[in-house]
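Reviewing the structure listed below.
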Amino acid sequence: MKILLTGGGTGGHFYPIIAIASAIRAVAREEKIIAPQIYYMAETQYDSRVLFDNEITFVPISAGKVRTYFSILNFFDLFKTAWGMIKATIDMFSIYPDVVFGKGGYVSFPALFAARILRIPVIIHESDSTAGKVNKWAAKFAQKIAISYKEAADDFPAEKVAFTGNPIRPELITPLKNGAYEFLKLDPNVPTILIIGGSQGSQLMNDTILDILPSLVEKYQVIHQTGKNNFKDVSGRANIILQNNAQKERYHPYDYLNTLALRMVAGIAELVVSRAGSTIFEIACWGIPSILVPIEKSNGDHQRKNAFSYAREGGAVVIEEPNLTPHVLTGEISRLMGSKEIRERMSKSARIFAHTDSATVIAKEIVSIALRHEN
């Protein structure tokens, strides 16, 4: 059995693909099927070590991005896309997988095009509350469509859609509490807040957190993922701001939280302040109430729509970028941290939203279609 996965360009696409690959192997073992050969077709490897660890063969292609604003790069990217379509078709014919799974995004277009030309079965997954252009196109010939948000169903043929949630890597699903305070050098008697600015960090969020930092550390411990690009600047400014503060040891900046550290923080944090990317689903599976700050000008306004969709389910509150002032953020943190009842209600809603079995549900359908095609 051969299975080809495509999509990416960001961690929000790549890591759910890895979660699905892991689930496919688990399903194959459970059903006593010969271990499948899994391929990943994309423009870059994104994380070569993760691909190697999961025994996934990388198949490089070129993919041009279609920008919603004027750019001369749109012209040159037409040629990149054309070459990507040709190469993807040649490579896919050589591999001839039994099924192709697409996670969306412009990177997935050449592979999905090749699958259609070669009449290979296709399954797609939509991460956002409104469908992206490539997935809207692929929906016309895809056999099954998995969605993360209920609202996305409006963009697809109803008979093909399954509300599965977003796949999460199994190693991230379960928070760790035992030993977390010692590992993170925190005080178990002081409430902990986690700040996540996204993989690259957020200048606006970082600046706002620094503005309210003295008041935060008076009541809480703060784990702050600043993003690698901003760590030196933010940690340096925080040292100056808290220089004479008796509680300065309560602030802990990190450029990046690895899997173990993230699970440890998830085990003890009582509130998360975060961007509204794919991290929403990790926060949801941890059952932690959150304050989401969507990027104002994200592609297709996806972050804002995703944030409000999740907030309607009850797991989060949303502060839009124009409203992200020190006063507003402090007020929301105080309101949520001041009511255990509200946090418990939000936590329950978050867990319902999470769909921790998403990767397995999708993997079973992929394997089922692959077996039918193989025979």
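Identifiers in the structure tokens: chain A, B, ... in order shown; residue index from 1 per chain; ligand index from 1 in order shown.
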ask   = Taking the backbone alone, and naming residues the way the document does, which bits of segment 139-353 of chain A are alpha helix (DSSP H) by DSSP, as a ChimeraX atom specification?
value = /A:170-173,180-184,203-219,231-241,259-268,279-286,302-313,326-337,340-353
key: Shell of 10 Å around segment 14-21 of chain A, only C-alpha atoms, local chain residues under 2 positions omitted, as a PyMOL selection string   = chain A and resi 3-12+23-27+36+38-40+42+45-47+50-51+54-56+101-103+125+127+166-171+278+358-364+366
ask   = Within 9 Å of Asp98 of chain A, counting only C-alpha atoms, which residues qualify if same-chain residues fewer than 6 places away don't, as a list of chain:residue names?
value =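 In the requested form, the answer reads A:Met1, A:Lys2, A:Ile3, A:Leu4, A:Ile120, A:Pro121, A:Ile369, A:Ala370, A:Leu371, A:Arg372, A:His373, A:Glu374.
Across A:Ile209, A:Leu112, A:Val107, A:Met346, the tightest approach to Ile288 of chain A is made by A:Met346 when counting only C-alpha atoms.
Nearest-residue note for Ala276 of chain A: choosing from A:Pro253, A:Pro294, A:Pro326, A:Gly314, the minimum distance belongs to A:Pro294, counting only C-alpha atoms.
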message = Measuring between only C-alpha atoms, which one of A:Leu118, A:Leu242, A:Ile195, A:Val161 shows the shortest distance to Thr279 of chain A?
response = A:Ile195
request  = Report the residues of segment 2-215 of chain A whose backbone DSSP state falls under strand (DSSP E), written as a PyMOL selection string.
outcome  = chain A and resi 2-6+37-42+56-60+99-102+122-126+144-147+161-163+192-196
Just the selected residues (N, CA and C atoms), exported as a CSV table (one decimal), in the first residue's frame, please.
```
chain,number,residue,atom,x,y,z
A,2,LYS,N,0.5,2.2,-0.9
A,2,LYS,CA,1.3,3.4,-1.0
A,2,LYS,C,0.3,4.6,-0.7
A,3,ILE,N,0.7,5.5,0.1
A,3,ILE,CA,-0.1,6.7,0.5
A,3,ILE,C,0.7,7.9,0.4
A,4,LEU,N,0.2,8.9,-0.4
A,4,LEU,CA,0.9,10.2,-0.5
A,4,LEU,C,0.2,11.3,0.2
A,5,LEU,N,0.9,12.0,1.0
A,5,LEU,CA,0.4,13.2,1.7
A,5,LEU,C,0.9,14.5,1.2
A,6,THR,N,0.1,15.5,1.1
A,6,THR,CA,0.6,16.8,0.6
A,6,THR,C,-0.1,17.9,1.3
A,37,GLN,N,3.8,2.3,2.6
A,37,GLN,CA,4.9,3.3,2.2
A,37,GLN,C,4.2,4.6,2.2
A,38,ILE,N,4.8,5.6,2.9
A,38,ILE,CA,4.2,6.9,3.0
A,38,ILE,C,5.1,7.9,2.4
A,39,TYR,N,4.5,8.8,1.6
A,39,TYR,CA,5.3,9.8,0.9
A,39,TYR,C,4.7,11.2,1.3
A,40,TYR,N,5.6,12.2,1.3
A,40,TYR,CA,5.2,13.6,1.5
A,40,TYR,C,5.7,14.4,0.4
A,41,MET,N,4.7,15.0,-0.4
A,41,MET,CA,5.0,15.8,-1.6
A,41,MET,C,4.8,17.2,-1.2
A,42,ALA,N,5.8,18.0,-1.3
A,42,ALA,CA,5.7,19.5,-1.0
A,42,ALA,C,6.9,20.2,-1.5
A,56,ILE,N,8.9,8.7,6.5
A,56,ILE,CA,8.2,9.3,5.4
A,56,ILE,C,9.2,9.8,4.3
A,57,THR,N,8.9,9.4,3.1
A,57,THR,CA,9.8,9.7,1.9
A,57,THR,C,9.4,11.1,1.4
A,58,PHE,N,10.3,12.0,1.3
A,58,PHE,CA,10.0,13.3,0.8
A,58,PHE,C,10.2,13.4,-0.7
A,59,VAL,N,9.2,13.9,-1.4
A,59,VAL,CA,9.2,14.1,-2.8
A,59,VAL,C,9.1,15.6,-3.1
A,60,PRO,N,10.2,16.2,-3.5
A,60,PRO,CA,10.1,17.7,-3.7
A,60,PRO,C,9.5,18.1,-5.0
A,99,VAL,N,-3.8,6.2,-2.7
A,99,VAL,CA,-4.7,7.4,-2.3
A,99,VAL,C,-3.8,8.6,-2.0
A,100,VAL,N,-4.3,9.8,-2.3
A,100,VAL,CA,-3.6,11.0,-2.0
A,100,VAL,C,-4.4,11.8,-1.0
A,101,PHE,N,-3.7,12.2,0.1
A,101,PHE,CA,-4.4,13.1,1.1
A,101,PHE,C,-3.8,14.5,1.0
A,102,GLY,N,-4.7,15.5,0.9
A,102,GLY,CA,-4.3,16.9,0.8
A,102,GLY,C,-4.8,17.7,1.9
A,122,VAL,N,-8.7,10.8,-3.9
A,122,VAL,CA,-8.2,11.9,-3.1
A,122,VAL,C,-9.1,12.1,-1.9
A,123,ILE,N,-8.5,12.4,-0.8
A,123,ILE,CA,-9.2,12.9,0.4
A,123,ILE,C,-8.6,14.2,0.8
A,124,ILE,N,-9.4,15.2,1.2
A,124,ILE,CA,-8.8,16.5,1.6
A,124,ILE,C,-9.3,16.8,3.0
A,125,HIS,N,-8.5,17.7,3.6
A,125,HIS,CA,-8.9,18.2,5.0
A,125,HIS,C,-8.8,19.7,5.0
A,126,GLU,N,-9.8,20.4,5.5
A,126,GLU,CA,-9.8,21.8,5.6
A,126,GLU,C,-9.6,22.2,7.0
A,144,LYS,N,-13.7,12.2,-0.2
A,144,LYS,CA,-14.1,12.5,1.2
A,144,LYS,C,-13.5,13.9,1.5
A,145,ILE,N,-14.2,14.6,2.4
A,145,ILE,CA,-13.7,15.9,2.8
A,145,ILE,C,-13.8,16.0,4.3
A,146,ALA,N,-12.7,16.1,5.0
A,146,ALA,CA,-12.7,16.3,6.5
A,146,ALA,C,-12.6,17.8,6.8
A,147,ILE,N,-13.3,18.2,7.9
A,147,ILE,CA,-13.3,19.6,8.2
A,147,ILE,C,-13.0,19.8,9.7
A,161,VAL,N,-18.8,15.4,3.2
A,161,VAL,CA,-18.2,16.1,4.4
A,161,VAL,C,-18.3,15.3,5.7
A,162,ALA,N,-17.2,15.3,6.4
A,162,ALA,CA,-17.2,14.7,7.8
A,162,ALA,C,-16.5,15.7,8.7
A,163,PHE,N,-17.2,16.0,9.8
A,163,PHE,CA,-16.7,16.9,10.8
A,163,PHE,C,-15.7,16.1,11.8
A,192,THR,N,-0.4,29.9,37.0
A,192,THR,CA,0.5,30.0,35.8
A,192,THR,C,-0.3,30.4,34.6
A,193,ILE,N,0.2,31.4,33.8
A,193,ILE,CA,-0.4,31.8,32.6
A,193,ILE,C,0.6,31.5,31.4
A,194,LEU,N,0.1,30.9,30.3
A,194,LEU,CA,1.0,30.7,29.2
A,194,LEU,C,0.7,31.7,28.1
A,195,ILE,N,1.7,32.3,27.5
A,195,ILE,CA,1.6,33.2,26.4
A,195,ILE,C,2.2,32.6,25.2
A,196,ILE,N,1.5,32.4,24.1
A,196,ILE,CA,2.0,31.9,22.9
A,196,ILE,C,1.8,32.9,21.7
```
message = Give me the residues near Asn189 of chain A as a list in words, where near means some atom within 12 Å (using only C-alpha atoms) and where sequence neighbours in that chain fewer than 2 positions away do not count.
response = Tyr181, Leu186, Asp187, Pro191, Thr192, Lys219, Tyr220, Gln221, Arg250 and Ile268 of chain A
task = Show which residues sit within 7 Å of Leu176 of chain A, as a ChimeraX atom specification. Count only C-alpha atoms, and ignore same-chain residues fewer than 4 positions away.
result = /A:180,263-264,266-267
Keeping only C-alpha atoms, write the selected residues to a file as a PDB file, in the first residue's frame.
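Result saved to part_35.pdb:
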```
ATOM      1  CA  ALA A 180       6.203  20.065  35.762  1.00  0.00           C
ATOM      2  CA  ARG A 263       3.224  19.319  27.684  1.00  0.00           C
ATOM      3  CA  MET A 264       4.590  20.340  31.069  1.00  0.00           C
ATOM      4  CA  ALA A 266      -0.131  22.447  29.518  1.00  0.00           C
ATOM      5  CA  GLY A 267      -0.310  20.359  32.672  1.00  0.00           C
TER       6      GLY A 267
END
```
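Across A:Ile173, A:Ala88, A:Ala350, A:Leu78, the tightest approach to Glu43 of chain A is made by A:Ala88 when counting only C-alpha atoms.
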inquiry  = Report, in Å to a single decimal, how far apart atom CA of Gln247 of chain A and atom CA of Val217 of chain A are.
reply    =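 Atom CA of Gln247 of chain A lies 6.0 Å from atom CA of Val217 of chain A.
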key: Counting only C-alpha atoms, the option among A:Pro110, A:Pro157, A:Gly104, A:Gly197 closest to Tyr256 of chain A   =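 With only C-alpha atoms as the atom set, the closest residue is A:Gly197.
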10 Å contact set for segment 233-238 of chain A, only C-alpha atoms, chain neighbours under 3 positions out, as a PyMOL selection string = chain A and resi 203+206-207+209-211+213-214+224+226-227+229-230+241-243+248+251-255
